[in-house]
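Content type mmCIF, C-alpha atoms, from the file run_19.cif:
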data_work
#
loop_
_atom_site.label_atom_id
_atom_site.label_comp_id
_atom_site.auth_asym_id
_atom_site.auth_seq_id
_atom_site.Cartn_x
_atom_site.Cartn_y
_atom_site.Cartn_z
CA MET D 23 82.79 58.09 117.65
CA THR D 24 85.78 60.33 118.36
CA VAL D 25 86.15 63.38 116.16
CA ILE D 26 89.76 64.46 115.62
CA GLN D 27 89.97 68.17 114.99
CA GLU D 28 92.76 69.35 112.76
CA SER D 29 94.97 71.99 114.36
CA PRO D 30 95.18 75.47 112.75
CA ALA D 31 98.87 74.82 112.06
CA ALA D 32 98.05 71.59 110.22
CA SER D 33 95.29 73.32 108.23
CA SER D 34 97.70 76.08 107.28
CA ALA D 35 100.35 73.59 106.18
CA ASP D 36 97.81 71.72 104.06
CA ALA D 37 96.64 74.95 102.43
CA GLU D 38 100.22 76.02 101.70
CA ALA D 39 100.98 72.63 100.15
CA GLU D 40 97.84 72.87 98.01
CA VAL D 41 98.68 76.37 96.75
CA LEU D 42 102.29 75.37 96.10
CA GLY D 43 100.99 72.50 93.96
CA LEU D 44 98.71 74.87 92.06
CA TYR D 45 101.67 77.16 91.36
CA ARG D 46 103.58 74.21 89.90
CA ALA D 47 100.62 72.99 87.88
CA HIS D 48 99.33 76.27 86.48
CA LEU D 49 101.63 79.24 87.15
CA SER D 50 105.40 78.75 87.37
CA LYS D 51 107.60 75.97 88.67
CA GLY D 52 110.34 78.54 89.22
CA ARG D 53 108.08 80.69 91.39
CA ALA D 54 107.15 77.59 93.40
CA THR D 55 110.82 76.79 94.00
CA LEU D 56 111.48 80.37 95.07
CA ALA D 57 108.56 80.21 97.51
CA GLU D 58 110.04 77.08 99.07
CA LEU D 59 113.27 78.97 99.79
CA PHE D 60 111.18 81.28 101.96
CA GLY D 61 109.45 78.43 103.77
CA SER D 62 106.38 78.21 101.50
CA HIS D 63 104.61 80.89 103.54
CA MET D 64 101.33 82.12 102.10
CA GLU D 65 100.36 85.76 102.56
CA VAL D 66 96.64 86.19 103.25
CA ALA D 67 96.17 89.63 104.84
CA SER D 68 97.81 93.04 105.03
CA GLU D 69 97.39 96.37 106.74
CA GLY D 70 99.69 99.36 106.86
CA ALA D 71 103.32 98.26 106.94
CA TRP D 72 102.53 94.66 107.87
CA LEU D 73 101.40 91.48 106.14
CA THR D 74 100.10 88.27 107.72
CA THR D 75 100.59 84.69 106.56
CA SER D 76 98.16 81.80 106.72
CA ASP D 77 99.84 80.46 109.87
CA GLY D 78 99.38 83.79 111.65
CA GLU D 79 102.94 85.11 111.35
CA ARG D 80 103.38 88.83 110.73
CA PHE D 81 106.08 90.42 108.57
CA LEU D 82 107.12 94.02 108.12
CA ASN D 83 106.78 94.78 104.43
CA ALA D 84 109.85 96.70 103.28
CA GLY D 85 109.45 95.20 99.80
CA GLY D 86 106.65 95.28 97.27
CA TYR D 87 108.93 96.82 94.59
CA GLY D 88 107.81 100.35 95.49
CA VAL D 89 104.04 99.79 95.44
CA PHE D 90 103.31 100.48 99.11
CA VAL D 91 104.33 104.11 99.65
CA MET D 92 101.20 104.52 101.81
CA GLY D 93 101.20 100.96 103.11
CA ALA D 94 98.53 98.36 102.46
CA ARG D 95 94.80 99.07 102.56
CA HIS D 96 95.19 102.72 103.47
CA PRO D 97 91.79 103.84 104.82
CA ILE D 98 91.47 106.85 102.51
CA VAL D 99 92.18 104.72 99.43
CA MET D 100 89.89 101.95 100.62
CA GLU D 101 87.08 104.46 101.25
CA GLU D 102 87.29 105.80 97.69
CA VAL D 103 87.51 102.34 96.11
CA GLU D 104 84.69 100.82 98.15
CA ARG D 105 82.37 103.71 97.31
CA GLN D 106 83.11 103.30 93.60
CA LEU D 107 82.64 99.53 93.78
CA ARG D 108 79.16 100.03 95.19
CA THR D 109 78.12 102.45 92.46
CA HIS D 110 79.92 102.10 89.11
CA PRO D 111 83.21 100.13 89.01
CA THR D 112 83.55 99.64 85.24
CA ALA D 113 82.54 102.07 82.51
CA THR D 114 81.56 101.68 78.86
CA ARG D 115 84.30 104.10 77.73
CA ILE D 116 81.79 105.64 75.32
CA LEU D 117 80.15 108.24 77.58
CA LEU D 118 81.75 110.87 79.76
CA GLU D 119 82.85 109.38 83.08
CA PRO D 120 83.72 111.70 85.99
CA THR D 121 86.22 109.66 88.02
CA VAL D 122 88.81 109.47 85.22
CA ALA D 123 88.55 113.22 84.60
CA ARG D 124 88.98 114.01 88.29
CA ALA D 125 91.82 111.52 88.69
CA ALA D 126 93.66 113.14 85.77
CA GLU D 127 93.15 116.58 87.30
CA ALA D 128 94.41 115.35 90.69
CA LEU D 129 97.48 113.73 89.16
CA VAL D 130 98.38 116.79 87.08
CA SER D 131 98.10 118.92 90.23
CA VAL D 132 101.11 117.18 91.79
CA LEU D 133 103.27 116.98 88.64
CA PRO D 134 105.79 119.49 87.27
CA ALA D 135 104.00 122.36 85.54
CA GLY D 136 103.61 121.70 81.83
CA LEU D 137 102.70 118.03 82.12
CA ASP D 138 98.93 118.11 81.68
CA ARG D 139 97.88 115.34 79.27
CA VAL D 140 97.26 111.91 80.83
CA HIS D 141 96.90 108.39 79.50
CA PHE D 142 96.08 105.86 82.23
CA ALA D 143 97.06 102.20 82.02
CA LEU D 144 97.52 99.25 84.39
CA SER D 145 101.20 98.27 84.53
CA GLY D 146 104.40 100.26 84.44
CA ALA D 147 105.37 98.51 81.22
CA GLU D 148 102.16 99.75 79.58
CA ALA D 149 103.02 103.30 80.61
CA VAL D 150 106.48 102.82 79.07
CA GLU D 151 104.93 101.56 75.83
CA THR D 152 102.72 104.66 75.77
CA GLY D 153 105.71 106.95 76.15
CA LEU D 154 107.67 105.13 73.44
CA LYS D 155 104.69 105.29 71.07
CA LEU D 156 104.32 109.02 71.65
CA ALA D 157 107.99 109.42 70.73
CA ARG D 158 107.65 107.34 67.57
CA ALA D 159 104.46 109.16 66.56
CA GLY D 160 106.35 112.44 67.03
CA GLY D 161 109.06 111.35 64.59
CA PHE D 162 111.73 110.17 67.06
CA LYS D 163 112.78 106.85 65.55
CA ARG D 164 115.91 106.18 67.60
CA THR D 165 115.75 105.42 71.34
CA VAL D 166 118.49 105.69 73.95
CA SER D 167 118.13 104.00 77.34
CA MET D 168 120.69 103.44 80.06
CA ARG D 169 122.63 100.33 81.06
CA GLY D 170 121.21 98.98 84.28
CA GLY D 171 117.89 100.65 83.59
CA TYR D 172 114.66 98.75 83.96
CA HIS D 173 111.51 99.69 82.05
CA GLY D 174 109.48 96.47 81.92
CA LYS D 175 109.26 93.33 79.84
CA THR D 176 106.70 93.93 77.11
CA LEU D 177 108.39 94.05 73.71
CA GLY D 178 109.04 97.79 73.45
CA ALA D 179 109.79 98.21 77.16
CA LEU D 180 112.10 95.19 77.03
CA SER D 181 114.00 96.79 74.17
CA ALA D 182 114.77 99.65 76.57
CA THR D 183 115.57 97.33 79.50
CA ALA D 184 119.29 96.72 79.07
CA LYS D 185 119.56 93.20 80.51
CA GLU D 186 120.88 90.39 78.35
CA VAL D 187 119.18 87.55 80.24
CA TYR D 188 115.73 89.11 79.79
CA GLN D 189 116.22 90.12 76.16
CA ARG D 190 117.90 87.04 74.72
CA PRO D 191 114.85 84.73 74.38
CA PHE D 192 112.77 87.36 72.59
CA ARG D 193 115.08 88.74 69.95
CA PRO D 194 114.77 90.38 67.51
CA LEU D 195 113.38 93.21 69.60
CA VAL D 196 112.25 96.64 68.47
CA PRO D 197 115.02 98.10 66.28
CA ASP D 198 117.06 101.25 66.79
CA PHE D 199 117.57 101.03 70.56
CA LEU D 200 120.95 101.97 72.03
CA HIS D 201 122.08 101.49 75.64
CA LEU D 202 124.53 104.00 77.13
CA PRO D 203 126.20 104.24 80.56
CA PHE D 204 123.96 105.78 83.22
CA GLY D 205 125.49 109.04 84.43
CA ASP D 206 127.66 109.62 81.33
CA ALA D 207 126.38 112.87 79.80
CA ASP D 208 129.23 113.00 77.26
CA ALA D 209 128.25 109.64 75.72
CA LEU D 210 124.67 110.83 75.46
CA GLU D 211 125.70 114.08 73.82
CA ALA D 212 127.68 112.21 71.17
CA GLU D 213 124.61 110.15 70.22
CA LEU D 214 122.28 113.13 70.20
CA ALA D 215 124.72 115.20 68.14
CA ALA D 216 125.05 112.39 65.59
CA HIS D 217 121.25 112.21 65.11
CA PRO D 218 119.71 115.62 65.82
CA GLY D 219 115.92 115.66 65.87
CA GLU D 220 115.69 111.85 65.88
CA VAL D 221 116.46 110.57 69.38
CA CYS D 222 114.15 109.68 72.24
CA VAL D 223 115.93 109.32 75.62
CA ILE D 224 114.31 107.25 78.37
CA LEU D 225 115.83 106.93 81.84
CA GLU D 226 115.05 106.73 85.56
CA PRO D 227 116.00 109.47 88.06
CA VAL D 228 117.34 106.66 90.28
CA GLN D 229 117.78 103.16 88.88
CA GLY D 230 115.72 100.97 91.20
CA GLU D 231 116.04 97.52 89.67
CA GLY D 232 119.59 98.44 88.70
CA GLY D 233 120.44 98.33 92.40
CA VAL D 234 119.52 101.82 93.64
CA ILE D 235 122.02 103.59 91.38
CA ILE D 236 122.02 107.34 92.01
CA PRO D 237 123.40 109.49 89.17
CA PRO D 238 125.98 112.24 89.67
CA LYS D 239 124.57 115.54 90.88
CA GLY D 240 123.39 117.63 87.94
CA TYR D 241 123.20 114.68 85.54
CA LEU D 242 119.41 114.72 85.07
CA LYS D 243 119.39 118.43 84.38
CA ARG D 244 122.25 118.02 81.90
CA VAL D 245 120.32 115.26 80.13
CA GLU D 246 117.35 117.59 79.76
CA GLU D 247 119.57 120.38 78.42
CA LEU D 248 121.21 118.08 75.88
CA VAL D 249 117.87 116.70 74.69
CA ARG D 250 116.60 120.23 74.13
CA GLU D 251 119.83 121.35 72.45
CA TYR D 252 119.64 118.53 69.90
CA ASP D 253 115.84 118.56 69.45
CA GLY D 254 115.27 115.20 71.10
CA PHE D 255 112.44 113.71 73.16
CA LEU D 256 112.75 112.97 76.89
CA ILE D 257 110.88 110.28 78.85
CA LEU D 258 111.43 110.13 82.60
CA ASP D 259 110.48 106.73 84.00
CA GLU D 260 109.20 107.41 87.52
CA VAL D 261 107.20 104.20 87.88
CA GLN D 262 109.25 103.23 90.93
CA SER D 263 110.94 106.49 91.94
CA GLY D 264 107.85 108.69 91.82
CA PHE D 265 104.88 109.44 94.08
CA GLY D 266 106.98 110.39 97.08
CA ARG D 267 109.32 107.43 97.16
CA LEU D 268 112.47 109.60 96.97
CA GLY D 269 111.29 112.18 99.49
CA GLU D 270 110.02 114.39 96.67
CA TRP D 271 106.80 113.98 94.73
CA TRP D 272 108.94 113.02 91.71
CA GLY D 273 112.61 112.51 90.96
CA ALA D 274 112.14 115.23 88.34
CA ASP D 275 111.60 117.70 91.17
CA ILE D 276 115.08 117.13 92.61
CA GLU D 277 116.78 118.98 89.74
CA GLY D 278 113.79 120.81 88.27
CA VAL D 279 113.52 118.66 85.14
CA LEU D 280 110.56 118.88 82.75
CA PRO D 281 110.44 115.82 80.47
CA ASP D 282 108.19 115.44 77.44
CA VAL D 283 106.60 112.42 79.15
CA LEU D 284 106.70 111.35 82.77
CA LEU D 285 105.72 107.77 83.64
CA ALA D 286 104.00 106.94 86.93
CA GLY D 287 102.87 103.63 88.39
CA LYS D 288 103.23 101.21 91.31
CA ALA D 289 102.16 103.49 94.21
CA LEU D 290 99.75 105.40 91.95
CA GLY D 291 96.99 102.90 92.77
CA GLY D 292 97.47 103.42 96.49
CA GLY D 293 98.66 99.88 97.12
CA VAL D 294 95.12 98.69 96.32
CA MET D 295 94.64 98.81 92.54
CA PRO D 296 97.00 98.34 89.56
CA VAL D 297 97.31 101.73 87.87
CA SER D 298 99.95 103.48 85.81
CA ALA D 299 100.02 106.61 83.71
CA ALA D 300 101.98 108.41 81.03
CA VAL D 301 101.66 112.16 81.53
CA ALA D 302 102.85 114.37 78.68
CA THR D 303 103.18 117.96 77.58
CA ARG D 304 100.55 119.17 75.14
CA LYS D 305 103.06 119.14 72.31
CA ALA D 306 104.21 115.56 73.00
CA PHE D 307 100.61 114.34 73.38
CA ARG D 308 99.46 115.84 70.08
CA PRO D 309 99.33 112.50 68.17
CA PHE D 310 96.86 111.12 70.75
CA ASP D 311 94.81 114.34 70.77
CA LYS D 312 94.29 114.09 67.02
CA ASP D 313 92.81 110.58 67.11
CA PRO D 314 91.27 109.16 70.32
CA TYR D 315 91.48 105.63 68.92
CA VAL D 316 95.16 105.56 67.92
CA HIS D 317 96.23 104.29 71.38
CA THR D 318 93.58 102.67 73.58
CA ALA D 319 93.11 99.97 76.21
CA THR D 320 89.89 98.45 77.53
CA PHE D 321 90.70 99.04 81.19
CA SER D 322 92.42 102.41 80.81
CA GLY D 323 90.85 104.86 83.23
CA GLN D 324 88.19 102.52 84.61
CA PRO D 325 86.28 104.13 87.50
CA VAL D 326 87.36 101.82 90.33
CA LEU D 327 91.01 102.32 89.37
CA MET D 328 90.56 106.07 89.16
CA ALA D 329 88.97 106.10 92.60
CA ALA D 330 92.15 104.50 93.91
CA VAL D 331 94.26 107.21 92.23
CA GLN D 332 92.19 109.96 93.82
CA GLY D 333 92.43 108.25 97.21
CA ALA D 334 96.18 107.78 96.89
CA ILE D 335 96.79 111.43 96.08
CA ARG D 336 94.52 112.50 98.95
CA ALA D 337 96.36 110.22 101.36
CA VAL D 338 99.81 111.48 100.39
CA LYS D 339 98.71 115.11 100.62
CA GLU D 340 96.70 114.90 103.84
CA GLU D 341 99.27 112.82 105.70
CA ARG D 342 102.29 114.65 104.26
CA LEU D 343 103.81 111.32 103.21
CA VAL D 344 106.36 112.92 100.88
CA THR D 345 107.93 114.74 103.81
CA ARG D 346 107.54 111.62 105.92
CA ALA D 347 109.44 109.59 103.30
CA LEU D 348 112.26 112.13 103.34
CA ASP D 349 112.48 112.10 107.14
CA LEU D 350 112.30 108.30 107.42
CA GLY D 351 114.96 107.90 104.75
CA ALA D 352 117.24 110.30 106.60
CA ARG D 353 116.85 108.10 109.67
CA LEU D 354 117.07 104.68 108.01
CA LEU D 355 119.96 105.15 105.57
CA PRO D 356 122.67 106.05 108.12
CA ALA D 357 121.42 103.41 110.56
CA ILE D 358 121.43 100.65 107.94
CA THR D 359 124.87 101.81 106.79
CA GLU D 360 126.25 101.69 110.33
CA ILE D 361 124.86 98.19 110.97
CA ALA D 362 126.23 96.87 107.68
CA GLN D 363 129.69 98.34 108.27
CA ARG D 364 129.74 96.98 111.81
CA ASN D 365 128.40 93.47 111.16
CA ILE D 366 129.42 92.62 107.58
CA PRO D 367 132.32 94.93 106.64
CA ASP D 368 133.93 92.27 104.43
CA LEU D 369 130.66 91.30 102.71
CA VAL D 370 129.16 94.71 101.93
CA VAL D 371 130.29 96.87 99.01
CA ASP D 372 128.05 99.89 99.54
CA VAL D 373 124.87 101.15 101.13
CA ARG D 374 123.10 103.91 99.21
CA GLY D 375 119.69 105.42 98.85
CA ARG D 376 117.41 108.39 98.52
CA GLY D 377 114.26 108.73 100.58
CA LEU D 378 112.67 105.32 101.03
CA LEU D 379 114.58 103.62 98.20
CA ILE D 380 117.62 102.04 99.86
CA GLY D 381 120.04 99.45 98.49
CA VAL D 382 122.60 97.27 100.25
CA GLU D 383 125.17 95.92 97.78
CA LEU D 384 126.94 92.69 98.72
CA VAL D 385 130.14 91.31 97.22
CA GLU D 386 128.22 88.64 95.30
CA ALA D 387 124.67 87.83 94.25
CA GLY D 388 124.48 84.67 96.34
CA LEU D 389 125.02 86.65 99.53
CA ALA D 390 122.22 89.02 98.57
CA GLY D 391 119.90 86.04 98.28
CA GLU D 392 121.06 84.75 101.66
CA LEU D 393 120.48 88.15 103.25
CA LEU D 394 116.93 88.26 101.89
CA ILE D 395 116.24 84.89 103.51
CA GLU D 396 117.81 85.95 106.81
CA LEU D 397 115.72 89.13 106.81
CA PHE D 398 112.63 87.03 106.22
CA ASN D 399 113.63 84.75 109.08
CA HIS D 400 113.62 87.85 111.28
CA GLY D 401 110.25 89.12 110.11
CA VAL D 402 111.10 91.51 107.25
CA VAL D 403 110.22 91.26 103.56
CA ALA D 404 112.70 93.01 101.23
CA ASN D 405 113.47 92.66 97.52
CA HIS D 406 116.28 91.64 95.23
CA SER D 407 117.17 93.91 92.30
CA MET D 408 116.52 92.40 88.88
CA ASN D 409 119.28 94.32 87.11
CA GLY D 410 121.58 94.42 90.12
CA SER D 411 121.46 90.91 91.54
CA SER D 412 123.97 91.59 94.33
CA VAL D 413 121.79 94.36 95.81
CA VAL D 414 119.12 93.89 98.48
CA ARG D 415 116.55 96.66 98.13
CA PHE D 416 114.39 98.20 100.83
CA THR D 417 111.25 100.08 99.77
CA PRO D 418 109.33 100.49 103.05
CA PRO D 419 106.15 102.55 103.27
CA ALA D 420 106.07 106.13 104.48
CA VAL D 421 103.59 105.14 107.21
CA LEU D 422 106.22 103.37 109.34
CA SER D 423 105.85 104.13 113.05
CA ASP D 424 108.83 104.59 115.35
CA THR D 425 108.23 101.03 116.58
CA ASP D 426 108.25 99.77 112.97
CA VAL D 427 111.54 101.55 112.30
CA ASP D 428 113.09 99.98 115.39
CA PHE D 429 111.83 96.55 114.31
CA LEU D 430 113.29 96.95 110.81
CA LEU D 431 116.69 98.04 112.10
CA ASN D 432 116.82 95.32 114.75
CA SER D 433 115.88 92.69 112.17
CA PHE D 434 118.58 93.95 109.81
CA ASP D 435 121.08 93.78 112.66
CA LEU D 436 120.14 90.17 113.46
CA ALA D 437 120.00 89.17 109.79
CA THR D 438 123.48 90.51 109.02
CA ARG D 439 124.90 88.73 112.06
CA ASP D 440 123.35 85.47 110.87
CA LEU D 441 124.67 86.15 107.37
CA VAL D 442 128.22 86.26 108.76
CA ARG D 443 127.72 82.95 110.54
CA GLY D 444 126.30 81.40 107.38
CA ALA D 445 129.13 82.74 105.20
CA ALA D 446 131.69 81.34 107.64
CA LYS D 447 130.19 77.85 107.26
CA MET D 448 129.99 77.89 103.45
CA PRO D 449 133.51 76.53 102.71
CA GLU D 450 132.85 73.56 105.00
CA GLY D 451 129.85 72.66 102.86
CA GLY D 452 131.90 72.83 99.68
CA ASN D 453 130.00 75.84 98.26
#
Now that the file is in, can you turn its structure into structure tokens?
Amino acid sequence: MTVIQESPAASSADAEAEVLGLYRAHLSKGRATLAELFGSHMEVASEGAWLTTSDGERFLNAGGYGVFVMGARHPIVMEEVERQLRTHPTATRILLEPTVARAAEALVSVLPAGLDRVHFALSGAEAVETGLKLARAGGFKRTVSMRGGYHGKTLGALSATAKEVYQRPFRPLVPDFLHLPFGDADALEAELAAHPGEVCVILEPVQGEGGVIIPPKGYLKRVEELVREYDGFLILDEVQSGFGRLGEWWGADIEGVLPDVLLAGKALGGGVMPVSAAVATRKAFRPFDKDPYVHTATFSGQPVLMAAVQGAIRAVKEERLVTRALDLGARLLPAITEIAQRNIPDLVVDVRGRGLLIGVELVEAGLAGELLIELFNHGVVANHSMNGSSVVRFTPPAVLSDTDVDFLLNSFDLATRDLVRGAAKMPEGGN
């Protein structure tokens, strides 16, 4: 009897088809359709700046929505997590537990002085909810967020996320939220002056999902001054911009801002575990200090997550990844700008960024989607921007080697050339 051995390629294709079917059956038909646009590839392994698919292809990961500041499976983070897994991964939350205390101490050590009370959570949206609840508990019943801002999709966070398409199905949302133009300090002052002592302001130092929108110089500091002048409450959402992404530990550091609450997430778990945090001043945290049960979560501060936090902070410090992010950004931004202006001058609106948060804005959203596919075809994973659909966003890790940088720039060069060829053919297809 002859045994026919299935080729690895055939096995991979079968596995991809099976997983695609499971997505359709149990997860999301829309996600399945999106996966098909990218060839139905299935990611199965990752290390550093690279991920590997089931068919053995490797892709440079310049996406991940800001999670991979230190790349995937960083050895320091993995060492901490694996040790905790072998000893005590999940705690009762009744007794004292050392990893959460040490993780809080480590996190406070790299934050602006004055932020020293920590509530750990899992997702960025949970951190946002924590900040909003601290504001409400402190008597701040009105909330101002910024147009184009993104703070998550749980009910309170969604109320702050100023995007009609995300809000519409879930209205009515939390009341007394107002959205103002990002960068307009005069509009903010008018609202604060009309309601002194009542307003919580939540904003990002750089709007990531908004399409890498950088505010005017001095804006963040002016926001802080206005909030203090009118006895308000300030939440700085650094879930994406923080932990070295901008070439500083935090966006707050760029202008020396001290918010009442700073929100961290994404990279906080070292690219290994889902962790977020709301870190507050003692005054802002007072409602939670009074009653330890007023705001809780089963998996808040669990030991294996806290091991990842400690490992992530160690990795950034020991490998000077904040400085590395600044230096890499200074190299990548002008190079990406030059390539875009040379290859797609009629299709690109702007290239902007800070550190390793870089956005390429196209003249229309459809072209941004096409550029993402062309980048993927040339071995690079990037992201769209949920509140700025015409912007392709690069959030590469700070562990890129010189060879990785060259690969990214060469792939962007090839992708933009292919984008021009594709755009030239579009009228012939009737699109």
Chain and number of each residue from the PyMOL selection byres ((chain D and resi 108-114) around 12), as a list in words: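 Residues picked by the PyMOL selection byres ((chain D and resi 108-114) around 12): Glu101, Glu102, Val103, Glu104, Arg105, Gln106, Leu107, Arg115, Ile116, Leu117, Leu118, Glu119, Pro120, Thr121, Val122, Ala319, Thr320, Phe321, Ser322, Gly323, Gln324, Pro325, Val326, Leu327, Met328, Ala329 and Ala330 of chain D.
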Write the residues of the selection above to a file with C-alpha atoms, as a compact mmCIF listing (two decimals), in the coordinates of the input.
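Final output, part.txt:
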# COMPACT_ATOMS: atom_id res chain seq x y z
CA GLU D 101 87.08 104.46 101.25
CA GLU D 102 87.29 105.80 97.69
CA VAL D 103 87.51 102.34 96.11
CA GLU D 104 84.69 100.82 98.15
CA ARG D 105 82.37 103.71 97.31
CA GLN D 106 83.11 103.30 93.60
CA LEU D 107 82.64 99.53 93.78
CA ARG D 115 84.30 104.10 77.73
CA ILE D 116 81.79 105.64 75.32
CA LEU D 117 80.15 108.24 77.58
CA LEU D 118 81.75 110.87 79.76
CA GLU D 119 82.85 109.38 83.08
CA PRO D 120 83.72 111.70 85.99
CA THR D 121 86.22 109.66 88.02
CA VAL D 122 88.81 109.47 85.22
CA ALA D 319 93.11 99.97 76.21
CA THR D 320 89.89 98.45 77.53
CA PHE D 321 90.70 99.04 81.19
CA SER D 322 92.42 102.41 80.81
CA GLY D 323 90.85 104.86 83.23
CA GLN D 324 88.19 102.52 84.61
CA PRO D 325 86.28 104.13 87.50
CA VAL D 326 87.36 101.82 90.33
CA LEU D 327 91.01 102.32 89.37
CA MET D 328 90.56 106.07 89.16
CA ALA D 329 88.97 106.10 92.60
CA ALA D 330 92.15 104.50 93.91
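Comparing the minimum interatomic distances between Asp208 in chain D and each of D:Arg244, D:Arg304, D:Gly178, D:Glu386, counting only C-alpha atoms, we find that D:Arg244 sits nearest.
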Minimum-distance residue to Ala446 in chain D, chosen among D:Leu258, D:Val223, D:Ile366, D:Val228 (using only C-alpha atoms):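 Among the listed residues, D:Ile366 lies closest to Ala446 in chain D.
Applied to the file shown here, the PyMOL selection byres ((chain D and resi 137) around 9) selects the residues Val130, Leu133, Pro134, Ala135, Gly136, Asp138, Arg139, Val140, Leu280, Pro281, Asp282, Val283, Leu284, Val301, Ala302, Thr303 and Arg304 of chain D.
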Residue neighbourhood Val413 in chain D, 12 Å, all atoms listed in the file, exclusion window fewer than 4 positions, as number ranges by chain: D: 229-235, 369-375, 379-394, 404-409
Print the selection's residues with C-alpha atoms to a file, as a PDB file, in the coordinates of the input.
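Saved as again11.pdb:
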ATOM      1  CA  GLN D 229     117.780 103.160  88.880  1.00  0.00           C
ATOM      2  CA  GLY D 230     115.720 100.970  91.200  1.00  0.00           C
ATOM      3  CA  GLU D 231     116.040  97.520  89.670  1.00  0.00           C
ATOM      4  CA  GLY D 232     119.590  98.440  88.700  1.00  0.00           C
ATOM      5  CA  GLY D 233     120.440  98.330  92.400  1.00  0.00           C
ATOM      6  CA  VAL D 234     119.520 101.820  93.640  1.00  0.00           C
ATOM      7  CA  ILE D 235     122.020 103.590  91.380  1.00  0.00           C
ATOM      8  CA  LEU D 369     130.660  91.300 102.710  1.00  0.00           C
ATOM      9  CA  VAL D 370     129.160  94.710 101.930  1.00  0.00           C
ATOM     10  CA  VAL D 371     130.290  96.870  99.010  1.00  0.00           C
ATOM     11  CA  ASP D 372     128.050  99.890  99.540  1.00  0.00           C
ATOM     12  CA  VAL D 373     124.870 101.150 101.130  1.00  0.00           C
ATOM     13  CA  ARG D 374     123.100 103.910  99.210  1.00  0.00           C
ATOM     14  CA  GLY D 375     119.690 105.420  98.850  1.00  0.00           C
ATOM     15  CA  LEU D 379     114.580 103.620  98.200  1.00  0.00           C
ATOM     16  CA  ILE D 380     117.620 102.040  99.860  1.00  0.00           C
ATOM     17  CA  GLY D 381     120.040  99.450  98.490  1.00  0.00           C
ATOM     18  CA  VAL D 382     122.600  97.270 100.250  1.00  0.00           C
ATOM     19  CA  GLU D 383     125.170  95.920  97.780  1.00  0.00           C
ATOM     20  CA  LEU D 384     126.940  92.690  98.720  1.00  0.00           C
ATOM     21  CA  VAL D 385     130.140  91.310  97.220  1.00  0.00           C
ATOM     22  CA  GLU D 386     128.220  88.640  95.300  1.00  0.00           C
ATOM     23  CA  ALA D 387     124.670  87.830  94.250  1.00  0.00           C
ATOM     24  CA  GLY D 388     124.480  84.670  96.340  1.00  0.00           C
ATOM     25  CA  LEU D 389     125.020  86.650  99.530  1.00  0.00           C
ATOM     26  CA  ALA D 390     122.220  89.020  98.570  1.00  0.00           C
ATOM     27  CA  GLY D 391     119.900  86.040  98.280  1.00  0.00           C
ATOM     28  CA  GLU D 392     121.060  84.750 101.660  1.00  0.00           C
ATOM     29  CA  LEU D 393     120.480  88.150 103.250  1.00  0.00           C
ATOM     30  CA  LEU D 394     116.930  88.260 101.890  1.00  0.00           C
ATOM     31  CA  ALA D 404     112.700  93.010 101.230  1.00  0.00           C
ATOM     32  CA  ASN D 405     113.470  92.660  97.520  1.00  0.00           C
ATOM     33  CA  HIS D 406     116.280  91.640  95.230  1.00  0.00           C
ATOM     34  CA  SER D 407     117.170  93.910  92.300  1.00  0.00           C
ATOM     35  CA  MET D 408     116.520  92.400  88.880  1.00  0.00           C
ATOM     36  CA  ASN D 409     119.280  94.320  87.110  1.00  0.00           C
TER      37      ASN D 409
END
Test item: residues at most 7 Å from Leu290 in chain D, all atoms listed in the file, excluding those fewer than 4 positions along its chain, as a list of chain:residue names: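 Listed by chain and then number, they are D:Phe265, D:Ala286, D:Val297, D:Ser298, D:Val331, D:Ala334.
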Nearest-residue call for His96 in chain D, choices D:Glu38, D:Glu69, D:Glu151, D:Glu79, using all atoms listed in the file: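 Between D:Glu38, D:Glu69, D:Glu151, D:Glu79, the residue approaching His96 in chain D most closely is D:Glu69.
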CA of Leu285 in chain D to CA of Val261 in chain D, straight-line distance in Å: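 Those two atoms sit 5.7 Å apart.
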Using all atoms listed in the file: which of D:His217, D:Arg53, D:Arg439, D:Arg164 has the shortest distance to Ile361 in chain D: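 Under the stated criterion, the closest residue is D:Arg439.
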Arg193 in chain D environment, 12 Å, only C-alpha atoms, sequence neighbours closer than 6 positions dropped, as a list in words: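 Near neighbours after the sequence-gap exclusion: Leu177, Gly178, Leu180, Ser181, Glu186 and Val187 of chain D.
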Among the residues D:Ser34, D:Val150, D:Phe398, D:Ala128, the one that comes closest to Val66 in chain D [using only C-alpha atoms]: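 Going through D:Ser34, D:Val150, D:Phe398, D:Ala128 one by one, the smallest distance to Val66 in chain D is for D:Ser34.
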Sel. within 8 Å of pt (98.4, 79.9, 102.8), counting only C-alpha atoms, output as a ChimeraX atom specification: /D:34-35,37-38,41,63-66,75-77
Evaluate the PyMOL selection byres ((chain D and resi 237) around 10) and report residues as a ChimeraX atom specification: /D:204-206,226-229,234-236,238-242
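In this structure, CA of Gly61 in chain D sits 26.0 Å away from CA of Thr425 in chain D.
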Proximity to Asp428 in chain D - best of D:Ala357, D:Ala159, D:Leu129, D:Leu378, all atoms listed in the file: D:Ala357
Between CA of Leu214 in chain D and CA of Ala274 in chain D, distance in Å (one decimal): 20.9 Å
Residue contacts of Phe434 in chain D (12 Å, all atoms listed in the file) excluding same-chain residues fewer than 6 positions away, as a PyMOL selection string: chain D and resi 82+84+354+357-362+364-366+382+393-404+414+416+427-428+440-441
Spatial neighbours of Gly219 in chain D, 10 Å, all atoms listed in the file, chain gap at least 6 places, as a list in words: Gly161, Phe162, Lys163, Arg164, Val249, Arg250, Glu251, Tyr252, Asp253, Gly254 and Phe255 of chain D
